[in-house]
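Novice: My file is entry33.cif. It has mmCIF, C-alpha atoms:
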```
data_protein
loop_
_atom_site.group_PDB
_atom_site.id
_atom_site.type_symbol
_atom_site.label_atom_id
_atom_site.label_comp_id
_atom_site.auth_asym_id
_atom_site.auth_seq_id
_atom_site.Cartn_x
_atom_site.Cartn_y
_atom_site.Cartn_z
ATOM 1 C CA MET A 1 -154.981 16.126 -11.097
ATOM 2 C CA HIS A 2 -157.800 18.633 -11.501
ATOM 3 C CA LEU A 3 -161.289 17.185 -11.225
ATOM 4 C CA GLN A 4 -163.994 19.173 -13.025
ATOM 5 C CA SER A 5 -161.266 21.151 -14.781
ATOM 6 C CA GLY A 6 -163.472 23.096 -17.199
ATOM 7 C CA HIS A 7 -161.450 25.545 -19.321
ATOM 8 C CA GLY A 8 -158.116 24.503 -17.738
ATOM 9 C CA LEU A 9 -156.870 27.957 -16.706
ATOM 10 C CA ASP A 10 -156.136 26.764 -13.168
ATOM 11 C CA ASP A 11 -154.125 23.869 -14.622
ATOM 12 C CA VAL A 12 -151.807 26.225 -16.486
ATOM 13 C CA ALA A 13 -151.332 28.154 -13.240
ATOM 14 C CA LEU A 14 -150.498 24.922 -11.379
ATOM 15 C CA VAL A 15 -147.780 24.055 -13.906
ATOM 16 C CA GLN A 16 -146.443 27.605 -13.796
ATOM 17 C CA ALA A 17 -146.343 27.311 -9.980
ATOM 18 C CA GLY A 18 -144.150 24.209 -10.184
ATOM 19 C CA ALA A 19 -146.274 21.133 -10.874
ATOM 20 C CA LYS A 20 -144.459 18.792 -13.290
ATOM 21 C CA SER A 21 -147.721 18.061 -15.075
ATOM 22 C CA VAL A 22 -151.472 18.254 -14.588
ATOM 23 C CA VAL A 23 -154.211 15.920 -15.756
ATOM 24 C CA GLY A 24 -157.556 17.682 -16.075
ATOM 25 C CA ILE A 25 -160.803 15.733 -15.919
ATOM 26 C CA ASP A 26 -164.078 17.211 -17.166
ATOM 27 C CA TYR A 27 -167.350 15.700 -18.413
ATOM 28 C CA SER A 28 -167.527 18.139 -21.343
ATOM 29 C CA GLN A 29 -165.761 17.136 -24.565
ATOM 30 C CA VAL A 30 -165.916 20.788 -25.646
ATOM 31 C CA ALA A 31 -164.176 21.981 -22.466
ATOM 32 C CA VAL A 32 -161.553 19.214 -22.686
ATOM 33 C CA ARG A 33 -160.712 20.050 -26.305
ATOM 34 C CA ALA A 34 -160.532 23.791 -25.591
ATOM 35 C CA ALA A 35 -158.353 23.275 -22.500
ATOM 36 C CA GLN A 36 -155.987 20.939 -24.400
ATOM 37 C CA ARG A 37 -155.685 23.386 -27.277
ATOM 38 C CA HIS A 38 -154.897 26.225 -24.850
ATOM 39 C CA ALA A 39 -152.286 24.163 -22.962
ATOM 40 C CA ASP A 40 -150.666 23.078 -26.235
ATOM 41 C CA GLU A 41 -150.501 26.692 -27.456
ATOM 42 C CA LEU A 42 -148.736 27.678 -24.215
ATOM 43 C CA GLY A 43 -146.486 24.621 -24.232
ATOM 44 C CA VAL A 44 -147.439 23.526 -20.698
ATOM 45 C CA ALA A 45 -147.550 19.916 -19.493
ATOM 46 C CA CYS A 46 -151.321 19.486 -19.222
ATOM 47 C CA ARG A 47 -153.359 16.563 -20.494
ATOM 48 C CA TYR A 48 -157.155 16.376 -20.528
ATOM 49 C CA VAL A 49 -159.564 13.462 -20.219
ATOM 50 C CA ALA A 50 -163.319 13.608 -20.807
ATOM 51 C CA ALA A 51 -164.983 11.676 -17.998
ATOM 52 C CA ALA A 52 -167.614 11.947 -15.315
ATOM 53 C CA VAL A 53 -166.721 12.079 -11.629
ATOM 54 C CA PRO A 54 -166.864 9.582 -10.026
ATOM 55 C CA ALA A 55 -165.744 6.983 -12.599
ATOM 56 C CA VAL A 56 -162.498 8.632 -13.705
ATOM 57 C CA PRO A 57 -160.715 6.229 -16.089
ATOM 58 C CA LEU A 58 -157.301 6.587 -14.435
ATOM 59 C CA ALA A 59 -155.326 4.237 -12.220
ATOM 60 C CA SER A 60 -155.753 4.224 -8.473
ATOM 61 C CA ALA A 61 -153.058 6.026 -6.476
ATOM 62 C CA SER A 62 -151.982 8.025 -9.544
ATOM 63 C CA ALA A 63 -152.012 11.578 -8.131
ATOM 64 C CA ASP A 64 -149.966 13.430 -5.540
ATOM 65 C CA LEU A 65 -152.519 16.246 -5.506
ATOM 66 C CA VAL A 66 -156.173 16.387 -6.483
ATOM 67 C CA TYR A 67 -157.553 19.887 -6.876
ATOM 68 C CA THR A 68 -161.125 20.968 -7.477
ATOM 69 C CA GLY A 69 -163.308 23.969 -6.940
ATOM 70 C CA LYS A 70 -164.495 27.288 -8.302
ATOM 71 C CA GLY A 71 -168.009 26.049 -8.914
ATOM 72 C CA ALA A 72 -167.362 22.315 -9.228
ATOM 73 C CA LEU A 73 -169.093 20.828 -6.185
ATOM 74 C CA VAL A 74 -172.523 22.218 -7.139
ATOM 75 C CA TRP A 75 -172.558 19.701 -10.013
ATOM 76 C CA MET A 76 -171.856 16.649 -7.797
ATOM 77 C CA ALA A 77 -175.053 14.708 -7.153
ATOM 78 C CA ASP A 78 -173.101 12.105 -5.138
ATOM 79 C CA LEU A 79 -170.685 13.878 -2.793
ATOM 80 C CA ALA A 80 -169.695 10.634 -1.031
ATOM 81 C CA GLY A 81 -168.912 9.003 -4.398
ATOM 82 C CA TRP A 82 -166.843 12.064 -5.367
ATOM 83 C CA ALA A 83 -164.844 11.896 -2.107
ATOM 84 C CA ARG A 84 -164.238 8.142 -2.463
ATOM 85 C CA GLU A 85 -163.018 8.755 -6.033
ATOM 86 C CA VAL A 86 -160.613 11.434 -4.786
ATOM 87 C CA ALA A 87 -159.263 9.032 -2.156
ATOM 88 C CA ARG A 88 -158.891 6.298 -4.807
ATOM 89 C CA LEU A 89 -156.944 8.584 -7.135
ATOM 90 C CA LEU A 90 -154.593 9.916 -4.453
ATOM 91 C CA ARG A 91 -151.333 8.207 -3.621
ATOM 92 C CA PRO A 92 -150.832 7.419 0.076
ATOM 93 C CA SER A 93 -150.181 10.750 1.855
ATOM 94 C CA GLY A 94 -151.399 12.597 -1.271
ATOM 95 C CA HIS A 95 -153.387 15.790 -0.814
ATOM 96 C CA LEU A 96 -156.821 17.062 -1.757
ATOM 97 C CA PHE A 97 -157.153 20.829 -2.165
ATOM 98 C CA VAL A 98 -160.588 22.398 -2.595
ATOM 99 C CA TYR A 99 -161.114 26.119 -3.239
ATOM 100 C CA GLU A 100 -164.810 26.665 -3.650
ATOM 101 C CA ALA A 101 -167.720 29.036 -3.145
ATOM 102 C CA HIS A 102 -168.849 28.970 0.461
ATOM 103 C CA PRO A 103 -172.101 27.019 0.789
ATOM 104 C CA ALA A 104 -173.747 30.105 2.337
ATOM 105 C CA VAL A 105 -173.196 32.116 -0.873
ATOM 106 C CA VAL A 106 -176.515 30.901 -2.272
ATOM 107 C CA LEU A 107 -178.234 32.887 0.486
ATOM 108 C CA TRP A 108 -176.737 36.311 -0.292
ATOM 109 C CA THR A 109 -178.483 38.833 -2.519
ATOM 110 C CA TRP A 110 -176.488 40.922 -4.983
ATOM 111 C CA ASP A 111 -177.938 44.139 -3.550
ATOM 112 C CA GLU A 112 -175.388 46.942 -3.539
ATOM 113 C CA ASP A 113 -176.633 48.965 -0.548
ATOM 114 C CA ARG A 114 -176.346 46.294 2.187
ATOM 115 C CA PRO A 115 -176.053 42.512 2.550
ATOM 116 C CA ARG A 116 -179.344 40.652 2.629
ATOM 117 C CA ILE A 117 -180.459 37.040 2.811
ATOM 118 C CA ARG A 118 -182.679 35.851 -0.013
ATOM 119 C CA GLU A 119 -186.168 34.905 1.144
ATOM 120 C CA ASP A 120 -186.399 32.126 -1.465
ATOM 121 C CA ARG A 121 -183.269 30.237 -0.379
ATOM 122 C CA ASP A 122 -182.512 27.767 2.407
ATOM 123 C CA TYR A 123 -178.983 26.809 3.512
ATOM 124 C CA PHE A 124 -180.142 23.242 4.181
ATOM 125 C CA ALA A 125 -182.024 22.738 0.900
ATOM 126 C CA ARG A 126 -180.766 19.925 -1.355
ATOM 127 C CA ASP A 127 -180.570 22.174 -4.420
ATOM 128 C CA HIS A 128 -181.555 25.559 -5.784
ATOM 129 C CA VAL A 129 -182.123 27.238 -9.129
ATOM 130 C CA ASN A 130 -179.242 29.601 -9.863
ATOM 131 C CA ASP A 131 -180.914 32.616 -11.395
ATOM 132 C CA THR A 132 -177.733 34.716 -11.557
ATOM 133 C CA PHE A 133 -175.136 35.014 -14.287
ATOM 134 C CA PRO A 134 -173.649 32.807 -15.692
ATOM 135 C CA ALA A 135 -175.952 29.926 -14.668
ATOM 136 C CA ARG A 136 -179.290 31.597 -15.490
ATOM 137 C CA GLY A 137 -181.632 28.817 -14.443
ATOM 138 C CA ALA A 138 -179.324 25.878 -13.820
ATOM 139 C CA VAL A 139 -180.286 23.614 -10.935
ATOM 140 C CA GLU A 140 -177.274 23.348 -8.626
ATOM 141 C CA ARG A 141 -176.686 20.877 -5.833
ATOM 142 C CA GLN A 142 -176.273 22.424 -2.410
ATOM 143 C CA TRP A 143 -173.921 20.976 0.208
ATOM 144 C CA THR A 144 -173.367 22.470 3.670
ATOM 145 C CA LEU A 145 -169.808 23.044 4.859
ATOM 146 C CA GLY A 146 -170.360 20.342 7.475
ATOM 147 C CA GLU A 147 -171.424 17.838 4.812
ATOM 148 C CA ILE A 148 -168.358 18.583 2.697
ATOM 149 C CA VAL A 149 -165.885 18.251 5.581
ATOM 150 C CA THR A 150 -167.532 15.150 7.047
ATOM 151 C CA THR A 151 -167.723 13.429 3.635
ATOM 152 C CA VAL A 152 -164.031 14.048 2.919
ATOM 153 C CA ALA A 153 -163.080 12.669 6.352
ATOM 154 C CA ALA A 154 -165.370 9.640 5.942
ATOM 155 C CA ALA A 155 -163.596 8.790 2.661
ATOM 156 C CA GLY A 156 -160.349 8.248 4.585
ATOM 157 C CA MET A 157 -158.744 11.671 4.369
ATOM 158 C CA GLU A 158 -157.461 13.702 7.286
ATOM 159 C CA ILE A 159 -158.529 17.353 7.328
ATOM 160 C CA LEU A 160 -155.362 19.448 7.655
ATOM 161 C CA HIS A 161 -156.779 22.910 7.086
ATOM 162 C CA LEU A 162 -160.122 24.632 6.607
ATOM 163 C CA SER A 163 -160.474 28.391 6.094
ATOM 164 C CA GLU A 164 -163.370 30.644 5.146
ATOM 165 C CA TYR A 165 -162.867 33.894 3.232
ATOM 166 C CA PRO A 166 -164.948 37.021 2.673
ATOM 167 C CA GLU A 167 -163.823 37.317 -0.973
ATOM 168 C CA PRO A 168 -165.708 35.397 -3.647
ATOM 169 C CA PHE A 169 -163.583 33.416 -6.116
ATOM 170 C CA TRP A 170 -165.544 35.066 -8.933
ATOM 171 C CA ARG A 171 -167.353 38.384 -9.343
ATOM 172 C CA SER A 172 -169.844 39.195 -12.028
ATOM 173 C CA GLY A 173 -168.672 42.161 -14.078
ATOM 174 C CA GLY A 174 -170.353 45.417 -13.151
ATOM 175 C CA VAL A 175 -171.824 44.063 -9.883
ATOM 176 C CA ALA A 176 -170.689 45.445 -6.523
ATOM 177 C CA ALA A 177 -172.735 43.284 -4.143
ATOM 178 C CA ALA A 178 -172.613 44.393 -0.513
ATOM 179 C CA ALA A 179 -172.350 40.703 0.417
ATOM 180 C CA TRP A 180 -168.817 40.829 -1.002
ATOM 181 C CA SER A 181 -167.713 43.693 1.269
ATOM 182 C CA GLY A 182 -165.869 41.487 3.769
ATOM 183 C CA ARG A 183 -168.547 40.738 6.366
ATOM 184 C CA LEU A 184 -169.872 37.398 5.060
ATOM 185 C CA PRO A 185 -168.254 34.104 4.002
ATOM 186 C CA ASN A 186 -167.998 33.846 0.206
ATOM 187 C CA SER A 187 -165.364 31.158 -0.348
ATOM 188 C CA PHE A 188 -163.498 28.448 1.528
ATOM 189 C CA ALA A 189 -160.353 26.375 1.192
ATOM 190 C CA LEU A 190 -159.942 22.833 2.427
ATOM 191 C CA LEU A 191 -156.720 20.806 2.525
ATOM 192 C CA ALA A 192 -156.874 17.102 3.340
ATOM 193 C CA ARG A 193 -154.392 14.225 3.198
ATOM 194 C CA ARG A 194 -155.069 10.609 2.299
ATOM 195 C CA ALA A 195 -154.015 8.169 4.978
ATOM 196 C CA GLN A 196 -150.956 6.029 4.327
#
```
Kindly transcribe the structure held in the file into structure tokens.
Specialist:
Amino acid sequence: MHLQSGHGLDDVALVQAGAKSVVGIDYSQVAVRAAQRHADELGVACRYVAAAVPAVPLASASADLVYTGKGALVWMADLAGWAREVARLLRPSGHLFVYEAHPAVVLWTWDEDRPRIREDRDYFARDHVNDTFPARGAVERQWTLGEIVTTVAAAGMEILHLSEYPEPFWRSGGVAAAAWSGRLPNSFALLARRAQ
């Protein structure tokens, strides 16, 4: 299951990597229709449901794996509700996999000469206005890495793995930000397992 699945490209990759099927959940009817059309054209076993998270209209304990990331958590106003929903959807011993922008990314400038911290940002702020492409003015929720890990654990999942990476999961075309040169955290991966 892919929460906040957007365009569904990761879902196709999951099926191609061996998943029997993937159910994508996204709040946008437009994204759900486009993802379903793309999956149908490729003949992959993906199905899409338009729904908000939390409040996914699927049965409890219906997923072996819940995946999310690549810009999804910034849209979650209720991180604890999101984590409880993940735990509800997972079968006992099922896994949560998150691959997401590192929470510190909001601090880095896109300067090309050297990495800098933006003067107008705060790692511990509740939200920020994303003035970079593609958001251009969207207000995004900001969660610290500690908040994310603690919230997942509090929802009844055991943290199995947490890694931070210098590579961003996405790069804006034509931008060579020094913050992406390997010295700063730009993404993270978290693997957790629901208790039996």
Novice: I'd like a table as a tab-separated table: residues in region 10-113 of chain A with an atom no more than 10 Å from region 171-189 of chain A, each row giving the shortest atom pair and its distance in Å to one decimal, only C-alpha atoms counted, sorted by chain and rising residue number.
Specialist:
```
residue	atom	partner	partner_atom	distance
A:Gly69	CA	A:Ala189	CA	9.0
A:Lys70	CA	A:Ser187	CA	8.9
A:Phe97	CA	A:Ala189	CA	7.2
A:Val98	CA	A:Ala189	CA	5.5
A:Tyr99	CA	A:Ala189	CA	4.5
A:Glu100	CA	A:Ser187	CA	5.6
A:Ala101	CA	A:Ser187	CA	4.2
A:His102	CA	A:Ser187	CA	4.2
A:Pro103	CA	A:Asn186	CA	8.0
A:Ala104	CA	A:Pro185	CA	7.0
A:Val105	CA	A:Asn186	CA	5.6
A:Val106	CA	A:Asn186	CA	9.3
A:Leu107	CA	A:Ala179	CA	9.8
A:Trp108	CA	A:Ala179	CA	6.2
A:Thr109	CA	A:Ala179	CA	7.1
A:Trp110	CA	A:Ala177	CA	4.5
A:Asp111	CA	A:Ala177	CA	5.3
A:Glu112	CA	A:Ala177	CA	4.6
A:Asp113	CA	A:Ala178	CA	6.1
```
Novice: Under the rule that all atoms listed in the file are counted, which of A:Glu85, A:Glu140, A:Asp122, A:Glu167 is the nearest residue to Ala72 (chain A)?
Specialist: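 Closest residue, counting all atoms listed in the file: A:Glu140.
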Novice: I would like the residues chosen by the PyMOL selection byres ((chain A and resi 31) around 12) on the shown file; could you give them as a PyMOL selection string?
Specialist: chain A and resi 4-9+24-30+32-38+48-51
Novice: Which residue, A:His128, A:Arg194, A:Arg121, A:Arg141, has the smallest gap to Gly156 (chain A) when you use only C-alpha atoms?
Specialist: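 Closest to Gly156 (chain A), using only C-alpha atoms: A:Arg194.
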Novice: Using only C-alpha atoms and a cutoff of 10 Å, can you tell me which residues are near (-170.2, 17.8, -5.5) in the file's coordinates, and write them out as a PyMOL selection string?
Specialist: chain A and resi 4+53-54+68-69+71-83+140-143+148
Novice: My list of candidates is A:Ala19, A:Leu14, A:Leu191, A:Ala55. Which is closest to Arg84 (chain A) when distances are computed with all atoms listed in the file?
Specialist: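 For Arg84 (chain A), the nearest of the candidates is A:Ala55.
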Novice: Closest to Arg91 (chain A) among A:Ala39, A:Ala13, A:Gln196, A:Pro57, using only C-alpha atoms?
Specialist: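 Once distances to Arg91 (chain A) are computed over only C-alpha atoms, the minimum belongs to A:Gln196.
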Novice: So how many Å separate CA of Ala155 (chain A) and CA of Val12 (chain A), to one decimal?
Specialist: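 Interatomic distance, CA of Ala155 (chain A) to CA of Val12 (chain A): 28.5 Å.
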Novice: Which one of A:Thr150, A:Met1, A:Val129, A:Val22 sits closest to Leu90 (chain A) if you count only C-alpha atoms?
Specialist: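 Checking each of A:Thr150, A:Met1, A:Val129, A:Val22 against Leu90 (chain A), counting only C-alpha atoms, the winner is A:Met1.
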Novice: Rounded to one decimal in Å, what is the spacing between CA of Ser93 (chain A) and CA of Leu190 (chain A)?
Specialist: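 Here the two named atoms are 15.5 Å from each other.
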Novice: Just give me the gap between CA of Ser62 (chain A) and CA of Ser21 (chain A) in Å, one decimal is fine.
Specialist: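 Between CA of Ser62 (chain A) and CA of Ser21 (chain A) the gap is 12.2 Å.
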Novice: Which polymer residues have any atom within 8 Å of an atom of Arg193 (chain A), counting all atoms listed in the file, with same-chain residues fewer than 4 positions away left out, as an NGL selection string?
Specialist: :A and (93-96 or 157-160)
